[in-house]
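Chemist: Please find start.txt (compact mmCIF, C-alpha atoms) on the next line:
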# COMPACT_ATOMS: atom_id res chain seq x y z
CA MET A 1 33.05 -84.13 -68.64
CA ALA A 2 33.27 -87.86 -68.10
CA SER A 3 32.74 -88.94 -64.56
CA SER A 4 35.46 -91.07 -63.08
CA VAL A 5 34.38 -94.59 -62.24
CA GLU A 6 35.69 -95.90 -58.96
CA GLU A 7 37.18 -99.34 -59.11
CA GLU A 8 35.63 -101.94 -56.86
CA PRO A 9 37.98 -102.91 -54.06
CA VAL A 10 39.59 -106.32 -54.27
CA ARG A 11 38.89 -108.56 -51.29
CA ASN A 12 41.50 -110.81 -49.75
CA TRP A 13 39.55 -113.94 -50.58
CA GLU A 14 39.67 -113.07 -54.30
CA ILE A 15 43.49 -113.25 -54.35
CA HIS A 16 43.93 -116.01 -51.79
CA PRO A 17 46.97 -118.05 -52.92
CA GLY A 18 45.65 -121.40 -51.71
CA ARG A 19 43.19 -123.75 -53.41
CA ALA A 20 40.23 -122.94 -51.19
CA THR A 21 36.77 -122.28 -52.61
CA PHE A 22 34.91 -119.28 -51.22
CA PHE A 23 31.17 -118.69 -51.04
CA CYS A 24 28.89 -115.76 -50.19
CA ASP A 25 31.49 -113.11 -51.02
CA GLY A 26 34.13 -114.70 -48.82
CA ARG A 27 31.92 -115.32 -45.79
CA THR A 28 32.38 -119.08 -45.99
CA MET A 29 35.15 -121.21 -47.40
CA SER A 30 35.81 -124.84 -48.19
CA ALA A 31 38.35 -127.01 -49.98
CA LYS A 32 38.36 -127.65 -53.69
CA ASP A 33 36.93 -131.15 -53.15
CA HIS A 34 33.81 -129.87 -51.40
CA VAL A 35 31.41 -131.89 -53.58
CA MET A 36 31.26 -134.73 -51.06
CA VAL A 37 29.72 -132.49 -48.41
CA TYR A 38 26.69 -132.05 -50.63
CA GLY A 39 26.33 -135.83 -50.94
CA ASN A 40 26.48 -136.28 -47.16
CA LEU A 41 24.06 -133.42 -46.67
CA ALA A 42 21.62 -134.91 -49.18
CA LEU A 43 21.87 -138.34 -47.53
CA ILE A 44 21.07 -136.94 -44.08
CA VAL A 45 18.21 -134.77 -45.38
CA ILE A 46 16.58 -137.46 -47.55
CA VAL A 47 16.85 -140.35 -45.08
CA GLY A 48 15.70 -138.12 -42.23
CA GLY A 49 12.80 -136.82 -44.29
CA LEU A 50 11.63 -140.36 -45.14
CA PHE A 51 11.86 -141.33 -41.49
CA PHE A 52 9.83 -138.34 -40.34
CA VAL A 53 7.11 -138.88 -42.97
CA PHE A 54 6.62 -142.67 -42.88
CA ASP A 55 7.75 -143.79 -39.40
CA CYS A 56 7.40 -140.94 -36.92
CA PRO A 57 3.57 -140.55 -37.11
CA TYR A 58 3.03 -144.17 -36.01
CA LEU A 59 5.75 -144.01 -33.33
CA ALA A 60 4.46 -140.73 -31.91
CA LYS A 61 0.94 -142.17 -31.61
CA HIS A 62 1.66 -145.70 -30.36
CA VAL A 63 5.02 -145.38 -28.56
CA SER A 64 5.99 -141.85 -27.49
CA PRO A 65 5.93 -138.34 -28.98
CA ALA A 66 9.48 -137.89 -27.66
CA ILE A 67 10.87 -140.10 -30.44
CA PRO A 68 10.19 -137.68 -33.31
CA ALA A 69 11.12 -134.69 -31.12
CA VAL A 70 14.52 -136.09 -30.19
CA SER A 71 15.12 -137.30 -33.75
CA VAL A 72 14.42 -133.83 -35.19
CA LEU A 73 16.86 -132.22 -32.77
CA LEU A 74 19.61 -134.70 -33.64
CA TRP A 75 18.85 -134.29 -37.34
CA LEU A 76 19.13 -130.50 -37.23
CA TYR A 77 22.20 -130.61 -34.99
CA SER A 78 23.98 -133.00 -37.36
CA ILE A 79 23.28 -130.76 -40.35
CA ALA A 80 24.46 -127.67 -38.46
CA ASN A 81 27.74 -129.30 -37.41
CA LEU A 82 28.36 -130.63 -40.93
CA LEU A 83 27.93 -127.19 -42.48
CA ARG A 84 29.91 -125.50 -39.72
CA CYS A 85 32.78 -127.94 -40.17
CA GLY A 86 32.78 -128.04 -43.96
CA TRP A 87 32.18 -124.35 -44.69
CA SER A 88 34.52 -122.61 -42.28
CA ASP A 89 38.14 -121.61 -41.96
CA PRO A 90 39.94 -124.61 -40.42
CA GLY A 91 42.82 -122.45 -39.23
CA VAL A 92 44.62 -121.26 -42.35
CA ILE A 93 47.90 -119.51 -41.57
CA PRO A 94 48.61 -116.41 -43.72
CA ARG A 95 51.60 -116.64 -46.00
CA GLY A 96 54.76 -114.70 -45.33
CA LYS A 97 54.94 -111.13 -46.52
CA ALA A 98 57.76 -109.62 -48.55
CA ALA A 99 59.38 -107.95 -45.54
CA GLU A 100 59.44 -111.22 -43.58
CA ILE A 101 60.92 -113.13 -46.52
CA LYS A 102 63.61 -110.48 -46.99
CA ARG A 103 64.51 -110.70 -43.32
CA GLU A 104 64.96 -114.47 -43.55
CA ARG A 105 67.10 -114.04 -46.65
CA GLN A 106 69.29 -111.58 -44.79
CA ILE A 107 69.64 -113.96 -41.86
CA ALA A 108 70.66 -116.75 -44.21
CA HIS A 109 73.12 -114.43 -45.95
CA ASP A 110 74.67 -113.06 -42.74
CA SER A 111 75.03 -116.51 -41.21
CA GLY A 112 77.89 -117.35 -43.55
CA PHE A 113 76.55 -120.84 -44.23
CA ALA A 114 74.83 -120.08 -47.50
CA ARG A 115 74.72 -117.43 -50.18
CA SER A 116 71.65 -115.22 -50.12
CA GLU A 117 70.75 -116.25 -53.66
CA LEU A 118 70.25 -119.83 -52.46
CA PHE A 119 67.27 -118.50 -50.52
CA ASP A 120 66.00 -116.40 -53.40
CA GLU A 121 63.11 -118.17 -55.12
CA THR A 122 63.04 -115.52 -57.88
CA ALA A 123 66.55 -116.47 -59.02
CA PRO A 124 67.00 -119.31 -61.49
CA GLY A 125 68.30 -122.62 -60.36
CA PRO A 126 67.43 -125.04 -57.56
CA TYR A 127 65.44 -123.79 -54.62
CA ILE A 128 67.55 -124.82 -51.65
CA SER A 129 67.00 -124.69 -47.90
CA PRO A 130 69.96 -123.26 -46.01
CA PRO A 131 70.72 -125.11 -42.77
CA THR A 132 70.22 -121.88 -40.83
CA LEU A 133 66.45 -122.23 -41.30
CA ALA A 134 66.12 -124.62 -38.36
CA ARG A 135 64.49 -123.09 -35.29
CA VAL A 136 63.90 -124.82 -31.98
CA ILE A 137 61.57 -123.84 -29.13
CA THR A 138 60.86 -125.41 -25.75
CA ILE A 139 57.32 -126.07 -24.51
CA ARG A 140 56.93 -127.50 -21.01
CA GLY A 141 60.40 -128.91 -21.11
CA GLU A 142 60.01 -130.57 -24.53
CA THR A 143 62.13 -129.39 -27.46
CA ILE A 144 60.11 -128.83 -30.63
CA LYS A 145 61.61 -128.00 -34.02
CA LEU A 146 59.83 -125.42 -36.13
CA LYS A 147 59.90 -126.30 -39.80
CA TYR A 148 60.08 -123.75 -42.58
CA CYS A 149 57.40 -123.98 -45.29
CA PHE A 150 58.82 -123.05 -48.68
CA THR A 151 55.35 -122.65 -50.17
CA CYS A 152 53.88 -120.35 -47.51
CA LYS A 153 57.27 -118.73 -46.67
CA ILE A 154 56.71 -119.04 -42.91
CA TYR A 155 57.97 -120.99 -39.94
CA ARG A 156 55.10 -123.28 -39.10
CA PRO A 157 53.86 -123.10 -35.50
CA PRO A 158 53.92 -126.28 -33.42
CA ARG A 159 51.37 -128.89 -34.59
CA ALA A 160 50.82 -127.03 -37.87
CA SER A 161 51.30 -128.75 -41.21
CA HIS A 162 50.99 -127.91 -44.89
CA CYS A 163 48.01 -129.48 -46.64
CA SER A 164 48.91 -130.41 -50.20
CA ILE A 165 45.25 -130.41 -51.25
CA CYS A 166 44.42 -126.94 -49.89
CA ASN A 167 47.98 -125.68 -50.57
CA CYS A 168 48.23 -123.81 -47.30
CA CYS A 169 49.44 -124.36 -43.74
CA ILE A 170 46.80 -125.26 -41.16
CA GLU A 171 47.04 -124.65 -37.42
CA ASN A 172 46.76 -127.84 -35.32
CA PHE A 173 46.40 -129.81 -38.54
CA ASP A 174 44.47 -133.03 -37.90
CA HIS A 175 43.75 -134.35 -41.40
CA HIS A 176 42.08 -133.42 -44.67
CA CYS A 177 38.61 -134.95 -44.66
CA PRO A 178 37.02 -135.43 -48.11
CA TRP A 179 33.70 -136.38 -46.49
CA VAL A 180 33.20 -132.86 -45.16
CA GLY A 181 35.16 -131.26 -48.01
CA ASN A 182 37.58 -129.37 -45.81
CA CYS A 183 40.71 -129.59 -43.71
CA ILE A 184 40.24 -130.37 -40.04
CA GLY A 185 42.27 -128.02 -37.89
CA LYS A 186 42.27 -125.70 -34.94
CA ARG A 187 39.06 -123.82 -35.75
CA ASN A 188 36.74 -126.63 -36.87
CA TYR A 189 37.98 -129.77 -35.11
CA ARG A 190 35.37 -129.23 -32.38
CA TYR A 191 32.55 -129.24 -34.91
CA PHE A 192 34.01 -132.28 -36.64
CA VAL A 193 33.89 -134.27 -33.39
CA LEU A 194 30.39 -132.97 -32.62
CA PHE A 195 29.26 -133.94 -36.11
CA LEU A 196 30.54 -137.49 -35.61
CA LEU A 197 28.81 -137.71 -32.24
CA SER A 198 25.50 -136.26 -33.44
CA VAL A 199 25.31 -138.25 -36.68
CA SER A 200 26.18 -141.47 -34.80
CA ALA A 201 23.43 -140.77 -32.27
CA LEU A 202 21.04 -139.97 -35.13
CA CYS A 203 21.81 -143.25 -36.89
CA VAL A 204 21.28 -145.22 -33.67
CA ALA A 205 18.02 -143.41 -32.91
CA VAL A 206 16.65 -143.88 -36.44
CA PHE A 207 17.69 -147.52 -36.61
CA ALA A 208 16.15 -148.38 -33.21
CA SER A 209 12.98 -146.46 -34.01
CA VAL A 210 12.47 -148.14 -37.39
CA VAL A 211 13.12 -151.59 -35.86
CA THR A 212 10.42 -150.80 -33.27
CA HIS A 213 8.05 -149.66 -36.00
CA VAL A 214 8.65 -152.79 -38.07
CA ALA A 215 8.18 -155.10 -35.06
CA LEU A 216 4.94 -153.50 -33.92
CA ARG A 217 3.39 -153.31 -37.37
CA SER A 218 4.43 -156.86 -38.19
CA GLN A 219 2.52 -158.08 -35.14
CA GLU A 220 -0.57 -156.26 -36.34
CA ILE A 221 -0.70 -157.00 -40.08
CA GLY A 222 2.23 -159.34 -40.69
CA PHE A 223 5.72 -158.66 -42.01
CA THR A 224 4.87 -159.28 -45.66
CA SER A 225 1.87 -156.96 -45.54
CA PHE A 226 3.99 -154.33 -43.81
CA LEU A 227 6.63 -154.47 -46.54
CA SER A 228 3.93 -153.89 -49.14
CA ALA A 229 2.37 -151.05 -47.17
CA SER A 230 5.58 -149.22 -46.15
CA PRO A 231 8.66 -150.20 -48.22
CA THR A 232 10.35 -146.89 -47.37
CA SER A 233 10.77 -148.04 -43.77
CA VAL A 234 12.93 -150.92 -44.98
CA ILE A 235 15.02 -148.48 -47.04
CA VAL A 236 15.51 -146.23 -44.02
CA LEU A 237 16.35 -149.26 -41.87
CA PHE A 238 19.00 -150.51 -44.31
CA THR A 239 20.52 -147.04 -44.87
CA SER A 240 20.75 -146.19 -41.18
CA PHE A 241 22.38 -149.54 -40.41
CA THR A 242 24.99 -149.29 -43.18
CA SER A 243 25.70 -145.64 -42.30
CA LEU A 244 26.19 -146.48 -38.63
CA CYS A 245 29.52 -148.32 -38.79
CA PHE A 246 31.76 -145.57 -40.18
CA PRO A 247 30.80 -142.64 -37.88
CA VAL A 248 30.77 -144.84 -34.77
CA GLY A 249 34.28 -146.10 -35.56
CA MET A 250 35.47 -142.55 -36.19
CA VAL A 251 33.90 -141.40 -32.92
CA CYS A 252 35.77 -144.04 -30.93
CA LEU A 253 39.06 -143.07 -32.60
CA HIS A 254 38.71 -139.32 -32.11
CA ILE A 255 37.44 -139.59 -28.53
CA LEU A 256 40.66 -141.49 -27.77
CA LEU A 257 42.72 -138.84 -29.56
CA VAL A 258 40.88 -135.99 -27.83
CA CYS A 259 41.39 -137.52 -24.38
CA THR A 260 45.14 -137.67 -25.01
CA ASN A 261 45.23 -134.35 -26.91
CA VAL A 262 46.86 -135.86 -29.99
CA THR A 263 45.95 -134.99 -33.55
CA THR A 264 45.47 -137.62 -36.25
CA ASN A 265 48.56 -136.30 -38.02
CA GLU A 266 50.66 -136.69 -34.86
CA ASP A 267 49.21 -140.14 -34.20
CA ILE A 268 50.11 -141.35 -37.70
CA LYS A 269 53.62 -139.94 -37.45
CA GLY A 270 54.06 -141.23 -33.90
CA SER A 271 55.23 -137.83 -32.69
CA TRP A 272 54.75 -138.70 -29.00
CA LYS A 273 55.20 -142.47 -29.21
CA TYR A 274 58.69 -143.13 -30.47
CA LYS A 275 62.12 -142.18 -29.23
CA SER A 276 63.98 -139.40 -30.96
CA PRO A 277 67.30 -140.19 -32.73
CA ASP A 278 68.82 -137.30 -30.78
CA SER A 279 67.67 -138.79 -27.45
CA PRO A 280 67.39 -142.57 -27.96
CA ASN A 281 66.82 -143.22 -24.24
CA VAL A 282 63.99 -140.72 -23.79
CA VAL A 283 60.41 -141.11 -25.02
CA PRO A 284 59.04 -137.63 -25.84
CA ARG A 285 56.17 -136.37 -23.71
CA ASN A 286 53.22 -134.57 -25.28
CA PRO A 287 53.56 -131.01 -23.95
CA PHE A 288 50.08 -130.05 -25.19
CA SER A 289 48.22 -132.64 -23.12
CA ARG A 290 46.54 -131.40 -19.95
CA SER A 291 46.41 -133.02 -16.56
CA ASN A 292 43.74 -135.64 -17.31
CA PRO A 293 41.53 -136.89 -20.17
CA ILE A 294 38.49 -134.95 -18.91
CA SER A 295 40.42 -131.67 -19.12
CA ASN A 296 41.52 -132.49 -22.67
CA LEU A 297 37.96 -133.37 -23.66
CA CYS A 298 36.54 -130.16 -22.15
CA ASN A 299 39.27 -128.11 -23.80
CA VAL A 300 38.31 -129.39 -27.26
CA LEU A 301 34.52 -129.32 -26.90
CA CYS A 302 34.11 -126.30 -24.60
CA GLY A 303 37.38 -124.37 -24.91
CA THR A 304 38.15 -121.03 -26.51
CA PHE A 305 36.98 -120.47 -30.06
CA TYR A 306 39.89 -118.87 -31.91
CA PRO A 307 39.39 -116.13 -34.50
CA SER A 308 40.42 -116.57 -38.10
CA LEU A 309 43.93 -115.41 -38.99
CA ILE A 310 42.97 -114.50 -42.56
CA ASP A 311 40.76 -111.47 -43.09
CA ARG A 312 38.78 -112.96 -45.97
CA ARG A 313 36.53 -109.97 -46.59
CA GLY A 314 39.16 -107.34 -45.89
CA ILE A 315 40.39 -105.02 -48.62
CA ALA A 316 43.51 -106.42 -50.24
CA GLU A 317 46.64 -104.27 -50.15
CA LYS A 318 48.06 -103.22 -53.48
CA PRO A 319 51.32 -105.10 -54.07
CA ASP A 320 54.54 -103.14 -54.29
CA ARG A 321 55.95 -104.08 -57.70
CA SER A 322 59.44 -103.10 -56.64
CA ASP A 323 59.24 -105.54 -53.76
CA SER A 324 57.25 -108.34 -55.32
CA ILE A 325 58.02 -111.89 -54.30
CA CYS A 326 57.14 -114.98 -56.28
CA ALA A 327 54.72 -117.02 -54.14
CA ILE A 328 55.60 -120.41 -55.65
CA PRO A 329 59.14 -121.76 -56.02
CA PRO A 330 60.26 -122.73 -59.53
CA ALA A 331 59.93 -126.29 -60.74
CA TRP A 332 62.64 -128.76 -59.84
CA PRO A 333 64.83 -128.90 -61.79
CA PRO A 334 64.38 -125.86 -64.04
CA SER A 335 64.40 -126.50 -67.76
CA SER A 336 67.79 -124.81 -68.14
CA THR A 337 69.41 -126.79 -65.34
CA SER A 338 71.90 -129.51 -66.13
CA VAL A 339 71.23 -132.36 -63.74
CA ALA A 340 74.59 -132.98 -62.07
CA THR A 341 75.77 -133.51 -58.54
CA ASN A 342 76.11 -130.26 -56.58
CA THR A 343 75.58 -128.21 -59.73
CA ALA A 344 73.24 -125.26 -59.98
CA THR A 345 72.28 -123.19 -63.00
CA VAL A 346 72.56 -119.77 -61.38
CA PRO A 347 74.46 -116.68 -62.46
CA ASP A 348 77.98 -116.58 -61.11
CA PRO A 349 77.98 -113.76 -58.50
CA ASN A 350 81.72 -113.26 -58.97
CA GLY A 351 81.39 -112.69 -62.71
CA GLN A 352 83.25 -115.86 -63.64
CA PRO A 353 82.48 -117.31 -67.06
CA LEU A 354 80.06 -120.19 -67.29
CA SER A 355 81.19 -123.67 -68.24
CA LYS A 356 80.32 -125.38 -71.50
CA ASN A 357 77.06 -126.74 -70.13
CA ASN A 358 76.13 -123.28 -68.81
CA THR A 359 76.57 -124.31 -65.19
CA TRP A 360 78.91 -123.41 -62.42
CA VAL A 361 79.66 -125.29 -59.24
CA SER A 362 79.24 -123.27 -56.06
CA PRO A 363 81.91 -124.19 -53.48
CA GLU A 364 79.55 -123.44 -50.62
CA LEU A 365 76.79 -125.48 -52.23
CA ASP A 366 79.23 -128.33 -52.71
CA ALA A 367 80.24 -128.17 -49.04
CA LEU A 368 76.63 -128.15 -47.87
CA SER A 369 75.33 -130.80 -50.26
CA SER A 370 75.46 -133.51 -47.62
CA GLN A 371 73.33 -131.38 -45.28
CA LEU A 372 70.74 -130.14 -47.74
CA THR A 373 67.73 -132.05 -48.97
CA ARG A 374 65.25 -131.08 -51.60
CA PRO A 375 61.98 -129.81 -50.05
CA SER A 376 59.19 -132.37 -50.38
CA ASN A 377 56.68 -129.82 -51.66
CA ILE A 378 58.71 -129.00 -54.80
CA PRO A 379 57.35 -130.87 -57.82
CA THR A 380 59.59 -133.29 -59.65
Mind converting the file's structure to structure tokens?
Modeler:
Amino acid sequence: MASSVEEEPVRNWEIHPGRATFFCDGRTMSAKDHVMVYGNLALIVIVGGLFFVFDCPYLAKHVSPAIPAVSVLLWLYSIANLLRCGWSDPGVIPRGKAAEIKRERQIAHDSGFARSELFDETAPGPYISPPTLARVITIRGETIKLKYCFTCKIYRPPRASHCSICNCCIENFDHHCPWVGNCIGKRNYRYFVLFLLSVSALCVAVFASVVTHVALRSQEIGFTSFLSASPTSVIVLFTSFTSLCFPVGMVCLHILLVCTNVTTNEDIKGSWKYKSPDSPNVVPRNPFSRSNPISNLCNVLCGTFYPSLIDRRGIAEKPDRSDSICAIPPAWPPSSTSVATNTATVPDPNGQPLSKNNTWVSPELDALSSQLTRPSNIPT
């Protein structure tokens, strides 16, 4: 009698719909462009190793043993923050489930503004956003509009945005950083700022220490003789100086953003700088900012660490085939669609015959054409 072989359970990370790359059986994750993090890691390790081997022994003996001790701590702390920022969940928001999508379809259908099939991504024809999808909430007296993501099938929370590279919505989306190979969001922004601070301090410490080493040795044996005896010190000096400008500039920028509690995405868009067309006489106030810059800084660096919303190593639920939902909208326009104003290639729900070009004009779609815009995430 043949023994039945149990199938291995499928983990959530194995069927994750985004473009993330998972490691260690789903324990860590990164973006698809995570190669750059290895380059940064190699640069920190190699330059730090050369500094510890060729410069620290002389500095510890003739200047102070605290120099190599402090440098090692900064070196290890920079590596830890880089890995923690680049190989962690930045705040990915789970995609909408079938029941939630059906509920939104029903709301759109019952509203009377749009046919339910206009919200059905499994039906042929253009994928159109009914005007009933707008939702507005109030936070500390400020009105904030919640946008619907047609890729993730969810209403994005405030400050969230869809990353086109990772193909998923990120909580408190700041930006997608190719240097750490990951999105910067709610769960790893703290480590991103700490990485910038620690690597800037490391570059300053290494540069100052090597300059001291070069000056002291040049007084003893001459600069030319020193170059012949220790050329690696010059390499470390040049690398630390050229690597200093970028992280220091980024530190200054993000310290300013942290003190005002504004993300890079909001700063670029000017979310709290410019007047709204609906209220031209009122400049919006940032409802997420605290009482003072120190409180904002402490909230980012020492605040609550939020758990991940996606259970990466959890057992995936078996999909219900009778209730399956296509996760990605069809291409725009579909191959069978005739490109015409207010024309959609969808089956006529009233059973009317199709026209010669196999299209029919929906009266409701025609009435709403001035209000509807094609979603930006649909490929052309």
Chemist: Ranking A:His175, A:Arg140, A:Lys186, A:Lys102 by minimum distance to A:Ile154 and counting all atoms listed in the file, which one comes first?
Modeler: A:Lys102
Chemist: May I ask which of the residues A:Ala31, A:Leu244, A:Val204, A:Leu256 is the closest one to A:Cys85, counting only C-alpha atoms?
Modeler: A:Ala31
Chemist: Find, counting all atoms listed in the file, the residue in A:Gly303, A:Ser228, A:Cys166, A:Val236 that gets nearest to A:Leu43.
Modeler: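 Under the stated criterion, the closest residue is A:Val236.
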Chemist: Rank nothing, just name the residue among A:Asn296, A:Asn172, A:Ser233, A:Asn81 nearest to A:Leu257, using only C-alpha atoms.
Modeler: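 Closest residue, counting only C-alpha atoms: A:Asn296.
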Chemist: Hey, can you check how far atom CA of A:Pro17 sits from atom CA of A:Val92?
Modeler: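 Result for atom CA of A:Pro17 versus atom CA of A:Val92: 11.3 Å, one decimal.
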Chemist: Looking at A:Val214, A:Leu297, A:Cys259, A:Ala316, which one is nearest to A:His16, with distances taken over only C-alpha atoms?
Modeler: A:Ala316
Chemist: If we count only C-alpha atoms, what is near A:Pro9 at a cut-off of 10 Å, once residues fewer than 6 positions away on the same chain are taken out, given as a VMD selection string?
Modeler: chain A and resid 314 to 317
Chemist: Report the distance between atom CA of A:Val300 and atom CA of A:Tyr38 in Å, rounded to one decimal place.
Modeler: 26.2 Å
